[in-house]
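Undergrad: So that we are looking at the same thing, I have put the structure below in structure tokens.
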Amino acid sequence: TDPCSPRLISEVIDGAGEFNDLDGAIDVVVQDGFAFVVATADKAVTIIDVSNPVSPRFLSMIKDGVGGFDKLDGARTLAVSGDLLFVGADADGAVTIVDISDPTRPLPLGTATVGRAGAIAVDGGVLYATSESNLSLYLFDISDPGVPTLLAQRSGLSGAFDIVVEDGYAYIAGGTAVDIFSVSDPLLPSKIGNTPSVSATAISLDGGYLFTVSNSGSSVLDVGDPRAPKVIPNLV
């Protein structure tokens, strides 16, 4: 409640209670009172009821090789859209699509092949996935989540660490640069530029500003015009 003074109110620990698949936890998404935690070492995703954050409650788990889930080796990145969970796995080179309409009984639906999955995002019925193996951006039609259909693939990424899609543009954190694509037509995505002076391994977009972070520091970009991004100087 006070960002200047954060306070721990609860925690879940691998091996405590029903939480047995959190080894190597690397990403988390929270939506509608549920937390989805992906753990690379355990090749698993744990679903937690956090509607009462003081008392998080185990609901279910999906794990590579169990219950029809066979593309979770190297699971490391997540996205949630409505009743669908998307899990990117680099070792298996795939994004698994999961029905979470009943979070106590997640069900496998389909998979999209992308090489070593880097980052994923979902926007407007399209799955966006980056590949670390060939530095490409993949776009899939997920109107039928059981059979994702490849719409386009574009190579030439600076890297594949993170992706944000909004208002017809995809921003991709490439480590040494941020690549910007026009994706207003998902069949014809086009790279419209990048920012070679900005290092980025994670990004977030808010109000026309792109916030980046890397081992070398943080930057803020004015992307009010995505075709002409501007670095805001003197970030403290």
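Ordering of the structure tokens sets the chain letters (A, B, ...); residue numbers start at 1 within each chain; ligands are numbered from 1 in the order shown.
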May I have a table of the residues of region 75-142 of chain A lying at most 9 Å from region 180-189 of chain A, giving each one's closest pair of atoms and their distance in Å to one decimal, counting only C-alpha atoms, ordered by chain and ascending residue number, as a Markdown table?

TA:
| residue | atom | partner | partner_atom | distance |
| --- | --- | --- | --- | --- |
| A:Val126 | CA | A:Pro186 | CA | 7.8 |
| A:Leu139 | CA | A:Pro186 | CA | 6.8 |
| A:Phe140 | CA | A:Pro186 | CA | 8.4 |
| A:Asp141 | CA | A:Pro186 | CA | 8.7 |

Undergrad: Go ahead and write the residues just picked, all heavy atoms, as a PDB file, in the first residue's frame.

TA:
ATOM      1  N   VAL A 126      -3.778 -12.850 -30.975  1.00  0.00           N
ATOM      2  CA  VAL A 126      -2.513 -13.245 -31.600  1.00  0.00           C
ATOM      3  C   VAL A 126      -1.486 -13.519 -30.502  1.00  0.00           C
ATOM      4  O   VAL A 126      -1.348 -12.736 -29.553  1.00  0.00           O
ATOM      5  CB  VAL A 126      -1.985 -12.160 -32.554  1.00  0.00           C
ATOM      6  CG1 VAL A 126      -0.619 -12.548 -33.124  1.00  0.00           C
ATOM      7  CG2 VAL A 126      -2.978 -11.923 -33.689  1.00  0.00           C
ATOM      8  N   LEU A 139       4.404 -14.929 -34.968  1.00  0.00           N
ATOM      9  CA  LEU A 139       3.038 -14.520 -34.700  1.00  0.00           C
ATOM     10  C   LEU A 139       2.109 -15.677 -35.051  1.00  0.00           C
ATOM     11  O   LEU A 139       2.180 -16.229 -36.161  1.00  0.00           O
ATOM     12  CB  LEU A 139       2.644 -13.284 -35.510  1.00  0.00           C
ATOM     13  CG  LEU A 139       3.271 -11.938 -35.126  1.00  0.00           C
ATOM     14  CD1 LEU A 139       4.717 -11.855 -35.599  1.00  0.00           C
ATOM     15  CD2 LEU A 139       2.469 -10.786 -35.724  1.00  0.00           C
ATOM     16  N   PHE A 140       1.230 -16.049 -34.083  1.00  0.00           N
ATOM     17  CA  PHE A 140       0.301 -17.155 -34.280  1.00  0.00           C
ATOM     18  C   PHE A 140      -1.133 -16.683 -34.067  1.00  0.00           C
ATOM     19  O   PHE A 140      -1.418 -15.955 -33.105  1.00  0.00           O
ATOM     20  CB  PHE A 140       0.574 -18.285 -33.285  1.00  0.00           C
ATOM     21  CG  PHE A 140       1.882 -18.995 -33.475  1.00  0.00           C
ATOM     22  CD1 PHE A 140       3.029 -18.535 -32.848  1.00  0.00           C
ATOM     23  CD2 PHE A 140       1.965 -20.127 -34.269  1.00  0.00           C
ATOM     24  CE1 PHE A 140       4.245 -19.194 -33.003  1.00  0.00           C
ATOM     25  CE2 PHE A 140       3.168 -20.787 -34.433  1.00  0.00           C
ATOM     26  CZ  PHE A 140       4.307 -20.316 -33.807  1.00  0.00           C
ATOM     27  N   ASP A 141      -2.024 -17.126 -34.926  1.00  0.00           N
ATOM     28  CA  ASP A 141      -3.457 -16.956 -34.718  1.00  0.00           C
ATOM     29  C   ASP A 141      -3.898 -17.985 -33.687  1.00  0.00           C
ATOM     30  O   ASP A 141      -3.699 -19.193 -33.881  1.00  0.00           O
ATOM     31  CB  ASP A 141      -4.182 -17.173 -36.049  1.00  0.00           C
ATOM     32  CG  ASP A 141      -5.697 -17.057 -35.928  1.00  0.00           C
ATOM     33  OD1 ASP A 141      -6.213 -16.902 -34.808  1.00  0.00           O
ATOM     34  OD2 ASP A 141      -6.370 -17.140 -36.973  1.00  0.00           O
TER      35      ASP A 141
END

Undergrad: With a distance cut-off of 10 Å and only C-alpha atoms, select the neighbouring residues of region 98-102 of chain A, excluding the residue or stretch itself and same-chain residues fewer than 4 positions from it, and output the selection as a PDB file with all heavy atoms, in the first residue's frame.

TA:
ATOM      1  N   ILE A  47      -0.209 -23.022  -9.818  1.00  0.00           N
ATOM      2  CA  ILE A  47      -1.306 -22.051  -9.787  1.00  0.00           C
ATOM      3  C   ILE A  47      -1.719 -21.856  -8.334  1.00  0.00           C
ATOM      4  O   ILE A  47      -2.020 -22.826  -7.623  1.00  0.00           O
ATOM      5  CB  ILE A  47      -2.489 -22.523 -10.639  1.00  0.00           C
ATOM      6  CG1 ILE A  47      -2.030 -22.777 -12.076  1.00  0.00           C
ATOM      7  CG2 ILE A  47      -3.615 -21.482 -10.607  1.00  0.00           C
ATOM      8  CD1 ILE A  47      -3.123 -23.328 -12.980  1.00  0.00           C
ATOM      9  N   LEU A  59      -3.543 -24.380  -5.597  1.00  0.00           N
ATOM     10  CA  LEU A  59      -4.704 -24.866  -6.333  1.00  0.00           C
ATOM     11  C   LEU A  59      -4.371 -26.068  -7.204  1.00  0.00           C
ATOM     12  O   LEU A  59      -5.051 -27.088  -7.176  1.00  0.00           O
ATOM     13  CB  LEU A  59      -5.294 -23.750  -7.204  1.00  0.00           C
ATOM     14  CG  LEU A  59      -5.994 -22.605  -6.482  1.00  0.00           C
ATOM     15  CD1 LEU A  59      -6.517 -21.610  -7.491  1.00  0.00           C
ATOM     16  CD2 LEU A  59      -7.129 -23.133  -5.619  1.00  0.00           C
ATOM     17  N   SER A  60      -3.307 -25.922  -8.014  1.00  0.00           N
ATOM     18  CA  SER A  60      -2.970 -26.998  -8.940  1.00  0.00           C
ATOM     19  C   SER A  60      -1.577 -26.757  -9.488  1.00  0.00           C
ATOM     20  O   SER A  60      -0.945 -25.719  -9.234  1.00  0.00           O
ATOM     21  CB  SER A  60      -3.981 -27.079 -10.085  1.00  0.00           C
ATOM     22  OG  SER A  60      -4.001 -25.867 -10.817  1.00  0.00           O
ATOM     23  N   ILE A  62       0.932 -27.870 -13.185  1.00  0.00           N
ATOM     24  CA  ILE A  62       1.162 -28.619 -14.409  1.00  0.00           C
ATOM     25  C   ILE A  62       2.664 -28.874 -14.498  1.00  0.00           C
ATOM     26  O   ILE A  62       3.476 -28.025 -14.117  1.00  0.00           O
ATOM     27  CB  ILE A  62       0.649 -27.885 -15.664  1.00  0.00           C
ATOM     28  CG1 ILE A  62       1.379 -26.554 -15.876  1.00  0.00           C
ATOM     29  CG2 ILE A  62      -0.850 -27.641 -15.554  1.00  0.00           C
ATOM     30  CD1 ILE A  62       0.997 -25.853 -17.168  1.00  0.00           C
ATOM     31  N   PHE A  69       0.957 -32.938 -20.613  1.00  0.00           N
ATOM     32  CA  PHE A  69       1.885 -31.813 -20.813  1.00  0.00           C
ATOM     33  C   PHE A  69       3.279 -32.374 -21.123  1.00  0.00           C
ATOM     34  O   PHE A  69       3.932 -32.952 -20.251  1.00  0.00           O
ATOM     35  CB  PHE A  69       1.935 -30.920 -19.575  1.00  0.00           C
ATOM     36  CG  PHE A  69       0.653 -30.193 -19.305  1.00  0.00           C
ATOM     37  CD1 PHE A  69      -0.270 -30.700 -18.391  1.00  0.00           C
ATOM     38  CD2 PHE A  69       0.354 -29.024 -19.969  1.00  0.00           C
ATOM     39  CE1 PHE A  69      -1.458 -30.036 -18.144  1.00  0.00           C
ATOM     40  CE2 PHE A  69      -0.845 -28.351 -19.728  1.00  0.00           C
ATOM     41  CZ  PHE A  69      -1.752 -28.865 -18.822  1.00  0.00           C
ATOM     42  N   VAL A  80      -0.867 -14.677 -19.720  1.00  0.00           N
ATOM     43  CA  VAL A  80      -2.248 -15.081 -19.463  1.00  0.00           C
ATOM     44  C   VAL A  80      -3.172 -14.159 -20.236  1.00  0.00           C
ATOM     45  O   VAL A  80      -2.987 -12.937 -20.263  1.00  0.00           O
ATOM     46  CB  VAL A  80      -2.583 -15.022 -17.954  1.00  0.00           C
ATOM     47  CG1 VAL A  80      -4.057 -15.350 -17.722  1.00  0.00           C
ATOM     48  CG2 VAL A  80      -1.707 -15.985 -17.163  1.00  0.00           C
ATOM     49  N   SER A  81      -4.173 -14.762 -20.882  1.00  0.00           N
ATOM     50  CA  SER A  81      -5.192 -13.987 -21.596  1.00  0.00           C
ATOM     51  C   SER A  81      -6.532 -14.681 -21.407  1.00  0.00           C
ATOM     52  O   SER A  81      -6.742 -15.784 -21.924  1.00  0.00           O
ATOM     53  CB  SER A  81      -4.849 -13.881 -23.087  1.00  0.00           C
ATOM     54  OG  SER A  81      -5.849 -13.166 -23.791  1.00  0.00           O
ATOM     55  N   GLY A  82      -7.412 -14.045 -20.632  1.00  0.00           N
ATOM     56  CA  GLY A  82      -8.708 -14.655 -20.371  1.00  0.00           C
ATOM     57  C   GLY A  82      -8.550 -15.986 -19.662  1.00  0.00           C
ATOM     58  O   GLY A  82      -7.904 -16.083 -18.620  1.00  0.00           O
ATOM     59  N   ASP A  83      -9.123 -17.037 -20.262  1.00  0.00           N
ATOM     60  CA  ASP A  83      -9.062 -18.375 -19.674  1.00  0.00           C
ATOM     61  C   ASP A  83      -7.909 -19.196 -20.239  1.00  0.00           C
ATOM     62  O   ASP A  83      -7.917 -20.434 -20.123  1.00  0.00           O
ATOM     63  CB  ASP A  83     -10.372 -19.126 -19.938  1.00  0.00           C
ATOM     64  CG  ASP A  83     -11.521 -18.584 -19.109  1.00  0.00           C
ATOM     65  OD1 ASP A  83     -11.262 -18.008 -18.035  1.00  0.00           O
ATOM     66  OD2 ASP A  83     -12.689 -18.723 -19.542  1.00  0.00           O
ATOM     67  N   LEU A  84      -6.923 -18.538 -20.833  1.00  0.00           N
ATOM     68  CA  LEU A  84      -5.801 -19.248 -21.432  1.00  0.00           C
ATOM     69  C   LEU A  84      -4.485 -18.849 -20.775  1.00  0.00           C
ATOM     70  O   LEU A  84      -4.219 -17.663 -20.543  1.00  0.00           O
ATOM     71  CB  LEU A  84      -5.712 -18.965 -22.938  1.00  0.00           C
ATOM     72  CG  LEU A  84      -6.909 -19.391 -23.785  1.00  0.00           C
ATOM     73  CD1 LEU A  84      -6.700 -18.965 -25.237  1.00  0.00           C
ATOM     74  CD2 LEU A  84      -7.140 -20.898 -23.692  1.00  0.00           C
ATOM     75  N   LEU A  85      -3.679 -19.862 -20.490  1.00  0.00           N
ATOM     76  CA  LEU A  85      -2.323 -19.671 -19.984  1.00  0.00           C
ATOM     77  C   LEU A  85      -1.351 -20.124 -21.069  1.00  0.00           C
ATOM     78  O   LEU A  85      -1.551 -21.163 -21.702  1.00  0.00           O
ATOM     79  CB  LEU A  85      -2.116 -20.505 -18.714  1.00  0.00           C
ATOM     80  CG  LEU A  85      -0.682 -20.637 -18.173  1.00  0.00           C
ATOM     81  CD1 LEU A  85      -0.187 -19.305 -17.637  1.00  0.00           C
ATOM     82  CD2 LEU A  85      -0.625 -21.710 -17.092  1.00  0.00           C
ATOM     83  N   PHE A  86      -0.293 -19.343 -21.274  1.00  0.00           N
ATOM     84  CA  PHE A  86       0.720 -19.650 -22.275  1.00  0.00           C
ATOM     85  C   PHE A  86       2.054 -19.824 -21.562  1.00  0.00           C
ATOM     86  O   PHE A  86       2.460 -18.960 -20.781  1.00  0.00           O
ATOM     87  CB  PHE A  86       0.815 -18.527 -23.306  1.00  0.00           C
ATOM     88  CG  PHE A  86      -0.483 -18.250 -24.019  1.00  0.00           C
ATOM     89  CD1 PHE A  86      -1.465 -17.458 -23.435  1.00  0.00           C
ATOM     90  CD2 PHE A  86      -0.724 -18.787 -25.274  1.00  0.00           C
ATOM     91  CE1 PHE A  86      -2.668 -17.217 -24.074  1.00  0.00           C
ATOM     92  CE2 PHE A  86      -1.928 -18.554 -25.928  1.00  0.00           C
ATOM     93  CZ  PHE A  86      -2.897 -17.763 -25.329  1.00  0.00           C
ATOM     94  N   VAL A  87       2.727 -20.948 -21.837  1.00  0.00           N
ATOM     95  CA  VAL A  87       3.985 -21.265 -21.167  1.00  0.00           C
ATOM     96  C   VAL A  87       5.065 -21.481 -22.225  1.00  0.00           C
ATOM     97  O   VAL A  87       4.979 -22.414 -23.027  1.00  0.00           O
ATOM     98  CB  VAL A  87       3.866 -22.529 -20.296  1.00  0.00           C
ATOM     99  CG1 VAL A  87       5.147 -22.721 -19.480  1.00  0.00           C
ATOM    100  CG2 VAL A  87       2.646 -22.458 -19.377  1.00  0.00           C
ATOM    101  N   PRO A 106      -6.226 -27.443 -14.732  1.00  0.00           N
ATOM    102  CA  PRO A 106      -5.715 -26.936 -16.011  1.00  0.00           C
ATOM    103  C   PRO A 106      -5.585 -28.069 -17.025  1.00  0.00           C
ATOM    104  O   PRO A 106      -5.196 -29.192 -16.674  1.00  0.00           O
ATOM    105  CB  PRO A 106      -4.351 -26.351 -15.635  1.00  0.00           C
ATOM    106  CG  PRO A 106      -3.963 -27.070 -14.371  1.00  0.00           C
ATOM    107  CD  PRO A 106      -5.238 -27.357 -13.644  1.00  0.00           C
ATOM    108  N   LEU A 107      -5.916 -27.764 -18.289  1.00  0.00           N
ATOM    109  CA  LEU A 107      -5.921 -28.780 -19.332  1.00  0.00           C
ATOM    110  C   LEU A 107      -5.084 -28.336 -20.530  1.00  0.00           C
ATOM    111  O   LEU A 107      -5.157 -27.170 -20.945  1.00  0.00           O
ATOM    112  CB  LEU A 107      -7.356 -29.044 -19.805  1.00  0.00           C
ATOM    113  CG  LEU A 107      -8.339 -29.546 -18.745  1.00  0.00           C
ATOM    114  CD1 LEU A 107      -9.750 -29.570 -19.313  1.00  0.00           C
ATOM    115  CD2 LEU A 107      -7.930 -30.922 -18.241  1.00  0.00           C
ATOM    116  N   PRO A 108      -4.291 -29.236 -21.104  1.00  0.00           N
ATOM    117  CA  PRO A 108      -3.506 -28.874 -22.287  1.00  0.00           C
ATOM    118  C   PRO A 108      -4.408 -28.712 -23.507  1.00  0.00           C
ATOM    119  O   PRO A 108      -5.328 -29.502 -23.718  1.00  0.00           O
ATOM    120  CB  PRO A 108      -2.551 -30.065 -22.452  1.00  0.00           C
ATOM    121  CG  PRO A 108      -3.281 -31.220 -21.826  1.00  0.00           C
ATOM    122  CD  PRO A 108      -4.076 -30.641 -20.699  1.00  0.00           C
ATOM    123  N   LEU A 109      -4.123 -27.691 -24.316  1.00  0.00           N
ATOM    124  CA  LEU A 109      -4.917 -27.451 -25.518  1.00  0.00           C
ATOM    125  C   LEU A 109      -4.082 -27.637 -26.786  1.00  0.00           C
ATOM    126  O   LEU A 109      -4.400 -28.443 -27.643  1.00  0.00           O
ATOM    127  CB  LEU A 109      -5.518 -26.046 -25.492  1.00  0.00           C
ATOM    128  CG  LEU A 109      -6.600 -25.791 -24.445  1.00  0.00           C
ATOM    129  CD1 LEU A 109      -7.045 -24.338 -24.495  1.00  0.00           C
ATOM    130  CD2 LEU A 109      -7.797 -26.712 -24.665  1.00  0.00           C
ATOM    131  N   GLY A 110      -3.014 -26.869 -26.915  1.00  0.00           N
ATOM    132  CA  GLY A 110      -2.201 -26.937 -28.114  1.00  0.00           C
ATOM    133  C   GLY A 110      -0.810 -26.408 -27.856  1.00  0.00           C
ATOM    134  O   GLY A 110      -0.506 -25.904 -26.765  1.00  0.00           O
ATOM    135  N   THR A 111       0.059 -26.527 -28.849  1.00  0.00           N
ATOM    136  CA  THR A 111       1.418 -26.009 -28.738  1.00  0.00           C
ATOM    137  C   THR A 111       1.801 -25.287 -30.014  1.00  0.00           C
ATOM    138  O   THR A 111       1.347 -25.631 -31.112  1.00  0.00           O
ATOM    139  CB  THR A 111       2.451 -27.130 -28.475  1.00  0.00           C
ATOM    140  OG1 THR A 111       2.374 -28.096 -29.537  1.00  0.00           O
ATOM    141  CG2 THR A 111       2.188 -27.817 -27.155  1.00  0.00           C
ATOM    142  N   PRO A 145      -7.347 -22.180 -29.961  1.00  0.00           N
ATOM    143  CA  PRO A 145      -6.140 -22.395 -29.156  1.00  0.00           C
ATOM    144  C   PRO A 145      -5.630 -23.832 -29.194  1.00  0.00           C
ATOM    145  O   PRO A 145      -4.481 -24.088 -28.840  1.00  0.00           O
ATOM    146  CB  PRO A 145      -6.574 -22.006 -27.738  1.00  0.00           C
ATOM    147  CG  PRO A 145      -8.057 -22.103 -27.749  1.00  0.00           C
ATOM    148  CD  PRO A 145      -8.491 -21.768 -29.141  1.00  0.00           C
ATOM    149  N   GLY A 146      -6.467 -24.759 -29.651  1.00  0.00           N
ATOM    150  CA  GLY A 146      -6.012 -26.129 -29.777  1.00  0.00           C
ATOM    151  C   GLY A 146      -5.124 -26.340 -30.993  1.00  0.00           C
ATOM    152  O   GLY A 146      -4.352 -27.302 -31.037  1.00  0.00           O
TER     153      GLY A 146
END

Undergrad: Any idea what's packed within 6 Å of region 158-166 of chain A, counting only C-alpha atoms, ignoring anything in its chain fewer than 4 positions away? Could you give it as a PDB file with N, CA and C atoms, in the first residue's frame?

TA:
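What landed in out-v2.pdb:
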ATOM      1  N   GLY A 118      11.820 -17.514 -26.119  1.00  0.00           N
ATOM      2  CA  GLY A 118      12.383 -16.453 -25.306  1.00  0.00           C
ATOM      3  C   GLY A 118      11.321 -15.742 -24.496  1.00  0.00           C
ATOM      4  N   ALA A 119      10.582 -14.830 -25.143  1.00  0.00           N
ATOM      5  CA  ALA A 119       9.534 -14.064 -24.474  1.00  0.00           C
ATOM      6  C   ALA A 119       8.228 -14.258 -25.221  1.00  0.00           C
ATOM      7  N   THR A 130       9.138 -14.777 -29.136  1.00  0.00           N
ATOM      8  CA  THR A 130      10.486 -14.604 -29.658  1.00  0.00           C
ATOM      9  C   THR A 130      11.267 -15.902 -29.477  1.00  0.00           C
ATOM     10  N   GLU A 132      15.148 -17.510 -29.070  1.00  0.00           N
ATOM     11  CA  GLU A 132      16.559 -17.239 -28.808  1.00  0.00           C
ATOM     12  C   GLU A 132      17.475 -17.988 -29.774  1.00  0.00           C
ATOM     13  N   LEU A 135      16.764 -15.865 -33.217  1.00  0.00           N
ATOM     14  CA  LEU A 135      16.500 -14.426 -33.067  1.00  0.00           C
ATOM     15  C   LEU A 135      15.387 -13.974 -34.000  1.00  0.00           C
ATOM     16  N   ALA A 170       4.996  -3.896 -31.503  1.00  0.00           N
ATOM     17  CA  ALA A 170       5.673  -4.833 -30.609  1.00  0.00           C
ATOM     18  C   ALA A 170       7.044  -4.276 -30.278  1.00  0.00           C
ATOM     19  N   TYR A 171       7.352  -4.229 -28.989  1.00  0.00           N
ATOM     20  CA  TYR A 171       8.640  -3.743 -28.493  1.00  0.00           C
ATOM     21  C   TYR A 171       9.383  -4.948 -27.919  1.00  0.00           C
ATOM     22  N   ILE A 172      10.592  -5.191 -28.377  1.00  0.00           N
ATOM     23  CA  ILE A 172      11.329  -6.390 -27.992  1.00  0.00           C
ATOM     24  C   ILE A 172      12.669  -6.012 -27.385  1.00  0.00           C
ATOM     25  N   ALA A 173      12.880  -6.450 -26.150  1.00  0.00           N
ATOM     26  CA  ALA A 173      14.150  -6.201 -25.467  1.00  0.00           C
ATOM     27  C   ALA A 173      15.184  -7.171 -26.019  1.00  0.00           C
ATOM     28  N   GLY A 174      16.224  -6.613 -26.636  1.00  0.00           N
ATOM     29  CA  GLY A 174      17.214  -7.445 -27.290  1.00  0.00           C
ATOM     30  C   GLY A 174      18.570  -7.453 -26.635  1.00  0.00           C
ATOM     31  N   GLY A 175      18.639  -6.987 -25.394  1.00  0.00           N
ATOM     32  CA  GLY A 175      19.924  -6.951 -24.710  1.00  0.00           C
ATOM     33  C   GLY A 175      20.692  -5.688 -25.034  1.00  0.00           C
ATOM     34  N   THR A 201      17.029  -5.845 -21.040  1.00  0.00           N
ATOM     35  CA  THR A 201      16.697  -7.257 -20.898  1.00  0.00           C
ATOM     36  C   THR A 201      15.277  -7.440 -20.367  1.00  0.00           C
ATOM     37  N   ALA A 202      14.678  -6.346 -19.852  1.00  0.00           N
ATOM     38  CA  ALA A 202      13.278  -6.362 -19.432  1.00  0.00           C
ATOM     39  C   ALA A 202      12.683  -4.999 -19.729  1.00  0.00           C
TER      40      ALA A 202
END

Undergrad: Using only C-alpha atoms, which of A:Val66, A:Ala16, A:Ala89, A:Ile120 sits nearest Thr40 (chain A)?

TA: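 Smallest separation from Thr40 (chain A) among the options: A:Ala89.
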
Undergrad: For CA of Ser51 (chain A) and CA of Gly17 (chain A), quote the distance in Å rounded to one decimal.

TA: 18.5 Å

Undergrad: Mind checking which residues fall within 6 Å of Ala44 (chain A), counting only C-alpha atoms, ignoring those fewer than 2 positions away in the same chain, and posting them as a PyMOL selection string?

TA: chain A and resi 38-39+42+62-63

Undergrad: For a test of reading the model, state the distance in Å between CA of Val95 (chain A) and CA of Leu72 (chain A), rounded to one decimal.

TA: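 Between these atoms lies a distance of 8.3 Å.
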
Undergrad: Enumerate the residues of region 92-186 of chain A with a DSSP assignment of strand (DSSP E), computed from the backbone, and present them as an NGL selection string.

TA: :A and (94-99 or 107-113 or 117-123 or 126-131 or 136-141 or 149-155 or 162-166 or 169-173 or 178-182)
